[in-house]
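Below: the structure, in structure tokens.
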Amino acid sequence: MRWHDGAVANKRLELAEFRAALTDPDAQVRLNAAVRLAYAGSADGLDELLAGLSHPEGAIRLVQVPEAIALLGETGFARVRGLLQHPGPARLAAARTLLHCGDQLAASDRVGMLAAVSAALTDPDPTTRQDAISMTGELGPAAAELFDPVASALASHGEPLAPPALAAIGGARAIPLIRRALEDGTGHLCVRALQALAGLGPAATSAHGLVSAVLRDESRPLGDRLAAAAALTRIGPTGDVVAADLRAALSTADRWLRIGLLRGLGQLGRGYPRRPEVSLVWPQWVSRLAVSHPPLTGESAAALLGTLVEHLDHDDYDVRRNAAFAIGLVGTDGRAVAAAVEKAPRLREGIRHDVLHRIRSIASPRGAHRFDHLDARVWPWDLEMTNPAVDLIAIGPSCERQWTTGGDYRIDVPKWQFLHYLVERHGVVLHGSRMAGLDVLTPRSRSWGGGRTAGQPGVFAVDHALMAMYFGIVDRSRVPNMSNGIGRSRHPTGGLQRTFRLGIEFASLAARPFTEATVYVLPAETFTMMGELTSLTPVRPLASLAVSPGDFPLLDRLWGSDIGPLSVQFGDRFPFLADVGCWPSKRLDSLPG
């Protein structure tokens, strides 16, 4: 990167501020500064980073700090090796730091790492055991000698991460243990067992009947049944058998399961790649497990396409768009399917265009039918959310009165509009939280991965009222992942408008994971844009406002996200199918039906 003179000066000033913060009385501020210095290639905060390997918060101790130390290369690794031999919270974190050596990992380091993980597997603290199990999964076959201790942890404590970890380090050897966990386990353990079988692909075909029974069991939670459907597409003896399993489940499925099944059926098509899938959800070692998708025969594919075409006239818009998505993966019989798609009266033009172009280009690549343009009214400017209309001038007097007098909320203005007014007129930033009554917000980590932006320690804020409320009312203890962003899109009129997306993991959204929350109004002075608005020092709120799920005007239009390989199956040439790939459920006012 080339810095302009002013940028160079600002960068030097920033580094000087971080170095000065290394003497701050607050240990978290010192650690934050050390992490940022490491990002810039400076080892000035290495002592603080080494202390951070004992941090009580797992995401800091096992993710942020190891990644920061690794950026310092051998300077950091040399200091970490000495911690491998000493019991304590830093030992496992030191072992995980050395994972970043990659192919350069020395044999002695590997021995020390395995010893640290082995000791942690029998730790009385359940969190330490879970962290150790996850690390065996990251090590994969290199941790084969730890198979029995992980199996013991599964038998003794029902550790949810044990089944995929056993699959990663033992392959087919793990299948009997995984089957037992699936038969006897509940909740997260059941889902993890299904994911482990899916990761083993054809090696786990013997578990087909057991997994199919989970899919058929209507008493099971949605997450279990969706995980079973995903596993079947990878372990089924043939694509035809799997298609029959999923189509049978459609007959009694509700909207949420139906959408998931349509997406699973799409993965049986030849348009879906037969390759390992990259996981965007920590732990990333899951993506290294082998996967396979059994092919469909021509007769079975024709029957499946008939089922998908029938769903193009479904009353639920999300069902229609996901059926179209599946047709884009399966629909290789050009003429009949193209005619059905072209005649489907309730399919939006953007999606219709993408599906027709794809299936016709597959059937006859040289003579592929092409649309010259899409209707500007449905071009992807409407794929993201925009704020509902609000008149800042009209609500101004009421908002100013509430802001200056404080106390209970007494004005006849929706709370989101009041918060929006404060951002626009008073330049504050907002932080949504499930925790009420905080006098000071302290920097912390909130992520188990996602890169330096999502994973950096700090106080996080947004200059967006609806997003702040959303971060507060979503009960993250019930949501494995969220996908959100703020940007600008060009409207058909030519102007730019601020847009955003709010995505909750699909099965979790179906369970309505909402709760009471508090939005803290914060001064903006200490916040800088580090991928997102972040303060590395504690922040004292100016005010706070209690909010409920009912105060959030977009509650029934949140998107159910599917953060995984489906989001990358179609490139920029198919913007609507790409959107469906990432967002299986997207209920907006602008969408009919």
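Each chain of the structure tokens is named A, B, ... in the order shown, its residues numbered from 1; ligands are numbered from 1 in display order.
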| field | All helix (DSSP H, G or I) residues (DSSP, backbone) inside segment 228-265 of chain A, as a ChimeraX atom specification | value | /A:228-235,239-250,255-265
Restricting the output to N, CA and C atoms, write the selected residues as a CSV table (one decimal), in the first residue's frame.
```
chain,number,residue,atom,x,y,z
A,228,ALA,N,-29.8,-33.1,9.1
A,228,ALA,CA,-30.0,-34.4,8.5
A,228,ALA,C,-30.1,-34.3,7.0
A,229,ALA,N,-30.8,-33.4,6.5
A,229,ALA,CA,-31.0,-33.2,5.1
A,229,ALA,C,-29.6,-32.9,4.4
A,230,ALA,N,-28.8,-32.0,5.1
A,230,ALA,CA,-27.5,-31.7,4.5
A,230,ALA,C,-26.6,-32.9,4.5
A,231,ALA,N,-26.7,-33.7,5.6
A,231,ALA,CA,-25.9,-34.9,5.7
A,231,ALA,C,-26.2,-35.9,4.6
A,232,LEU,N,-27.5,-36.1,4.4
A,232,LEU,CA,-28.0,-37.1,3.4
A,232,LEU,C,-27.4,-36.7,2.0
A,233,THR,N,-27.3,-35.5,1.6
A,233,THR,CA,-26.8,-35.1,0.3
A,233,THR,C,-25.3,-35.5,0.1
A,234,ARG,N,-24.7,-35.9,1.2
A,234,ARG,CA,-23.3,-36.2,1.2
A,234,ARG,C,-23.0,-37.7,1.4
A,235,ILE,N,-23.9,-38.3,2.2
A,235,ILE,CA,-23.6,-39.7,2.5
A,235,ILE,C,-24.5,-40.7,1.8
A,239,GLY,N,-27.7,-40.5,-5.5
A,239,GLY,CA,-28.5,-39.3,-5.5
A,239,GLY,C,-30.0,-39.6,-5.6
A,240,ASP,N,-30.4,-40.7,-6.3
A,240,ASP,CA,-31.8,-41.0,-6.4
A,240,ASP,C,-32.4,-41.3,-5.1
A,241,VAL,N,-31.7,-42.0,-4.2
A,241,VAL,CA,-32.2,-42.3,-2.9
A,241,VAL,C,-32.4,-41.1,-2.1
A,242,VAL,N,-31.4,-40.2,-2.1
A,242,VAL,CA,-31.4,-39.0,-1.4
A,242,VAL,C,-32.5,-38.1,-1.8
A,243,ALA,N,-32.7,-38.0,-3.1
A,243,ALA,CA,-33.8,-37.2,-3.7
A,243,ALA,C,-35.1,-37.7,-3.2
A,244,ALA,N,-35.3,-39.0,-3.1
A,244,ALA,CA,-36.5,-39.6,-2.6
A,244,ALA,C,-36.7,-39.2,-1.2
A,245,ASP,N,-35.7,-39.3,-0.4
A,245,ASP,CA,-35.7,-38.9,1.1
A,245,ASP,C,-36.2,-37.5,1.2
A,246,LEU,N,-35.6,-36.6,0.5
A,246,LEU,CA,-35.9,-35.2,0.7
A,246,LEU,C,-37.3,-34.8,0.1
A,247,ARG,N,-37.7,-35.4,-1.0
A,247,ARG,CA,-39.0,-35.1,-1.6
A,247,ARG,C,-40.1,-35.7,-0.7
A,248,ALA,N,-39.9,-36.8,0.0
A,248,ALA,CA,-40.9,-37.4,0.9
A,248,ALA,C,-41.1,-36.4,2.1
A,249,ALA,N,-40.0,-35.8,2.6
A,249,ALA,CA,-40.1,-34.9,3.7
A,249,ALA,C,-40.9,-33.6,3.3
A,250,LEU,N,-40.8,-33.3,2.0
A,250,LEU,CA,-41.6,-32.1,1.6
A,250,LEU,C,-43.1,-32.2,1.9
A,255,ARG,N,-42.9,-24.0,6.3
A,255,ARG,CA,-42.2,-23.1,5.3
A,255,ARG,C,-40.7,-23.2,5.6
A,256,TRP,N,-40.2,-23.3,6.8
A,256,TRP,CA,-38.8,-23.2,7.1
A,256,TRP,C,-38.1,-24.5,6.6
A,257,LEU,N,-38.7,-25.6,7.0
A,257,LEU,CA,-38.1,-26.9,6.5
A,257,LEU,C,-38.2,-27.0,5.0
A,258,ARG,N,-39.3,-26.6,4.4
A,258,ARG,CA,-39.5,-26.7,3.0
A,258,ARG,C,-38.4,-25.9,2.2
A,259,ILE,N,-38.1,-24.7,2.7
A,259,ILE,CA,-37.0,-23.9,2.1
A,259,ILE,C,-35.7,-24.7,2.2
A,260,GLY,N,-35.4,-25.2,3.4
A,260,GLY,CA,-34.1,-25.9,3.5
A,260,GLY,C,-34.1,-27.2,2.7
A,261,LEU,N,-35.2,-27.9,2.5
A,261,LEU,CA,-35.2,-29.1,1.7
A,261,LEU,C,-35.0,-28.7,0.2
A,262,LEU,N,-35.6,-27.6,-0.2
A,262,LEU,CA,-35.4,-27.2,-1.6
A,262,LEU,C,-33.9,-26.9,-1.9
A,263,ARG,N,-33.3,-26.3,-0.9
A,263,ARG,CA,-31.9,-26.0,-1.1
A,263,ARG,C,-31.0,-27.3,-1.1
A,264,GLY,N,-31.4,-28.3,-0.3
A,264,GLY,CA,-30.7,-29.6,-0.3
A,264,GLY,C,-30.9,-30.3,-1.6
A,265,LEU,N,-32.1,-30.2,-2.2
A,265,LEU,CA,-32.4,-30.9,-3.5
A,265,LEU,C,-31.6,-30.2,-4.6
```
| task | Would you mind reading off the distance between atom CA of Val309 of chain A and atom CA of Arg335 of chain A, one decimal, in Å? | result |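 Between these atoms lies a distance of 13.1 Å.
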Spatial neighbours of segment 189-199 of chain A, max dist 8 Å, only C-alpha atoms, sep filter under 5 positions, as a PDB file with N, CA and C atoms, in the first residue's frame:
```pdb
ATOM      1  N   GLY A 158     -20.260 -35.861  26.881  1.00  0.00           N
ATOM      2  CA  GLY A 158     -21.123 -35.512  25.758  1.00  0.00           C
ATOM      3  C   GLY A 158     -20.713 -34.221  25.077  1.00  0.00           C
ATOM      4  N   GLU A 159     -19.392 -34.011  24.917  1.00  0.00           N
ATOM      5  CA  GLU A 159     -18.892 -32.761  24.335  1.00  0.00           C
ATOM      6  C   GLU A 159     -19.388 -32.614  22.893  1.00  0.00           C
ATOM      7  N   PRO A 160     -20.107 -31.516  22.558  1.00  0.00           N
ATOM      8  CA  PRO A 160     -20.663 -31.388  21.207  1.00  0.00           C
ATOM      9  C   PRO A 160     -19.626 -31.349  20.089  1.00  0.00           C
ATOM     10  N   LEU A 161     -18.441 -30.785  20.349  1.00  0.00           N
ATOM     11  CA  LEU A 161     -17.441 -30.698  19.292  1.00  0.00           C
ATOM     12  C   LEU A 161     -16.701 -32.005  19.072  1.00  0.00           C
ATOM     13  N   PRO A 163     -17.728 -35.159  18.094  1.00  0.00           N
ATOM     14  CA  PRO A 163     -17.952 -35.942  16.867  1.00  0.00           C
ATOM     15  C   PRO A 163     -17.203 -35.412  15.639  1.00  0.00           C
ATOM     16  N   PRO A 164     -17.299 -34.099  15.291  1.00  0.00           N
ATOM     17  CA  PRO A 164     -16.527 -33.663  14.129  1.00  0.00           C
ATOM     18  C   PRO A 164     -15.026 -33.729  14.367  1.00  0.00           C
ATOM     19  N   ALA A 165     -14.576 -33.531  15.610  1.00  0.00           N
ATOM     20  CA  ALA A 165     -13.147 -33.659  15.891  1.00  0.00           C
ATOM     21  C   ALA A 165     -12.683 -35.093  15.658  1.00  0.00           C
ATOM     22  N   ALA A 167     -14.040 -37.242  13.659  1.00  0.00           N
ATOM     23  CA  ALA A 167     -14.051 -37.461  12.209  1.00  0.00           C
ATOM     24  C   ALA A 167     -12.799 -36.878  11.562  1.00  0.00           C
ATOM     25  N   ILE A 175     -16.839 -43.511  12.986  1.00  0.00           N
ATOM     26  CA  ILE A 175     -18.259 -43.667  12.656  1.00  0.00           C
ATOM     27  C   ILE A 175     -19.069 -44.340  13.768  1.00  0.00           C
ATOM     28  N   ILE A 178     -19.733 -41.799  16.431  1.00  0.00           N
ATOM     29  CA  ILE A 178     -20.613 -40.726  15.960  1.00  0.00           C
ATOM     30  C   ILE A 178     -22.050 -41.222  15.880  1.00  0.00           C
ATOM     31  N   ARG A 179     -22.243 -42.438  15.403  1.00  0.00           N
ATOM     32  CA  ARG A 179     -23.594 -43.013  15.349  1.00  0.00           C
ATOM     33  C   ARG A 179     -24.209 -43.083  16.741  1.00  0.00           C
ATOM     34  N   ALA A 181     -23.495 -41.211  19.301  1.00  0.00           N
ATOM     35  CA  ALA A 181     -23.815 -39.852  19.739  1.00  0.00           C
ATOM     36  C   ALA A 181     -25.110 -39.375  19.100  1.00  0.00           C
ATOM     37  N   LEU A 182     -25.337 -39.761  17.839  1.00  0.00           N
ATOM     38  CA  LEU A 182     -26.559 -39.356  17.157  1.00  0.00           C
ATOM     39  C   LEU A 182     -27.775 -40.080  17.734  1.00  0.00           C
ATOM     40  N   ALA A 204     -19.385 -42.682   5.269  1.00  0.00           N
ATOM     41  CA  ALA A 204     -20.448 -42.806   6.272  1.00  0.00           C
ATOM     42  C   ALA A 204     -21.763 -43.272   5.668  1.00  0.00           C
ATOM     43  N   ALA A 207     -24.560 -45.054   7.628  1.00  0.00           N
ATOM     44  CA  ALA A 207     -25.430 -44.332   8.559  1.00  0.00           C
ATOM     45  C   ALA A 207     -26.629 -43.712   7.858  1.00  0.00           C
ATOM     46  N   VAL A 211     -29.719 -41.435   9.624  1.00  0.00           N
ATOM     47  CA  VAL A 211     -29.868 -40.005   9.317  1.00  0.00           C
ATOM     48  C   VAL A 211     -31.222 -39.739   8.672  1.00  0.00           C
ATOM     49  N   GLY A 223     -33.431 -27.459  13.385  1.00  0.00           N
ATOM     50  CA  GLY A 223     -31.998 -27.558  13.177  1.00  0.00           C
ATOM     51  C   GLY A 223     -31.536 -28.985  12.970  1.00  0.00           C
ATOM     52  N   ASP A 224     -32.105 -29.930  13.724  1.00  0.00           N
ATOM     53  CA  ASP A 224     -31.748 -31.337  13.554  1.00  0.00           C
ATOM     54  C   ASP A 224     -32.132 -31.823  12.159  1.00  0.00           C
ATOM     55  N   ALA A 227     -29.963 -30.324   9.426  1.00  0.00           N
ATOM     56  CA  ALA A 227     -28.640 -30.944   9.444  1.00  0.00           C
ATOM     57  C   ALA A 227     -28.701 -32.351   8.855  1.00  0.00           C
ATOM     58  N   ALA A 228     -29.795 -33.067   9.116  1.00  0.00           N
ATOM     59  CA  ALA A 228     -29.953 -34.407   8.546  1.00  0.00           C
ATOM     60  C   ALA A 228     -30.068 -34.335   7.025  1.00  0.00           C
ATOM     61  N   ALA A 230     -28.847 -32.041   5.058  1.00  0.00           N
ATOM     62  CA  ALA A 230     -27.521 -31.712   4.525  1.00  0.00           C
ATOM     63  C   ALA A 230     -26.612 -32.929   4.543  1.00  0.00           C
ATOM     64  N   ALA A 231     -26.689 -33.729   5.608  1.00  0.00           N
ATOM     65  CA  ALA A 231     -25.853 -34.925   5.690  1.00  0.00           C
ATOM     66  C   ALA A 231     -26.234 -35.943   4.615  1.00  0.00           C
ATOM     67  N   LEU A 232     -27.540 -36.092   4.358  1.00  0.00           N
ATOM     68  CA  LEU A 232     -27.975 -37.065   3.355  1.00  0.00           C
ATOM     69  C   LEU A 232     -27.420 -36.749   1.975  1.00  0.00           C
ATOM     70  N   ARG A 234     -24.677 -35.857   1.235  1.00  0.00           N
ATOM     71  CA  ARG A 234     -23.255 -36.189   1.165  1.00  0.00           C
ATOM     72  C   ARG A 234     -22.963 -37.671   1.421  1.00  0.00           C
ATOM     73  N   ILE A 235     -23.852 -38.347   2.155  1.00  0.00           N
ATOM     74  CA  ILE A 235     -23.562 -39.738   2.509  1.00  0.00           C
ATOM     75  C   ILE A 235     -24.506 -40.721   1.832  1.00  0.00           C
ATOM     76  N   VAL A 286     -13.351 -27.570   9.996  1.00  0.00           N
ATOM     77  CA  VAL A 286     -14.448 -28.398   9.492  1.00  0.00           C
ATOM     78  C   VAL A 286     -14.405 -28.468   7.968  1.00  0.00           C
ATOM     79  N   LEU A 289     -12.758 -31.474   5.995  1.00  0.00           N
ATOM     80  CA  LEU A 289     -13.322 -32.812   5.907  1.00  0.00           C
ATOM     81  C   LEU A 289     -13.782 -33.093   4.477  1.00  0.00           C
ATOM     82  N   ALA A 290     -13.654 -34.334   4.062  1.00  0.00           N
ATOM     83  CA  ALA A 290     -14.032 -34.700   2.697  1.00  0.00           C
ATOM     84  C   ALA A 290     -15.547 -34.655   2.531  1.00  0.00           C
ATOM     85  N   VAL A 291     -15.995 -34.212   1.388  1.00  0.00           N
ATOM     86  CA  VAL A 291     -17.429 -34.224   1.105  1.00  0.00           C
ATOM     87  C   VAL A 291     -17.652 -34.814  -0.288  1.00  0.00           C
TER      88      VAL A 291
END
```
| task | Give me the residues within 9 Å of Ala510 of chain A as a PyMOL selection string, counting only C-alpha atoms and dropping any in the same chain fewer than 5 places off. | result | chain A and resi 222+256+505+560
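Minimum atom-to-atom distance to Thr534 of chain A, evaluated using only C-alpha atoms, belongs to A:Val459 out of A:Val580, A:Leu22, A:Val459, A:Leu502.
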| request: Find, counting only C-alpha atoms, the residue in A:Ala336, A:Ala78, A:Ala106, A:Val214 that gets nearest to Ala302 of chain A. | output: A:Ala336
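In this structure, atom CA of Pro295 of chain A sits 13.2 Å away from atom CA of Gly201 of chain A.
Considering the residues A:Val428, A:Met530, A:Met469, A:Leu558 and counting only C-alpha atoms, Glu516 of chain A has its shortest atom-to-atom contact with A:Met469.
The residue set within 12 Å of Gly407 of chain A, counting only C-alpha atoms and dropping same-chain residues fewer than 4 places from it, reads Arg401, Gln402, Trp403, Ile411, Ala543, Ser544, Leu545 and Ala546 of chain A.
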| query | segment 485-489 of chain A: which residues within 10 Å, counting only C-alpha atoms, same-chain residues fewer than 4 positions away excluded, as a PyMOL selection string? | reply | chain A and resi 380-386+462-464+467+494-503+532
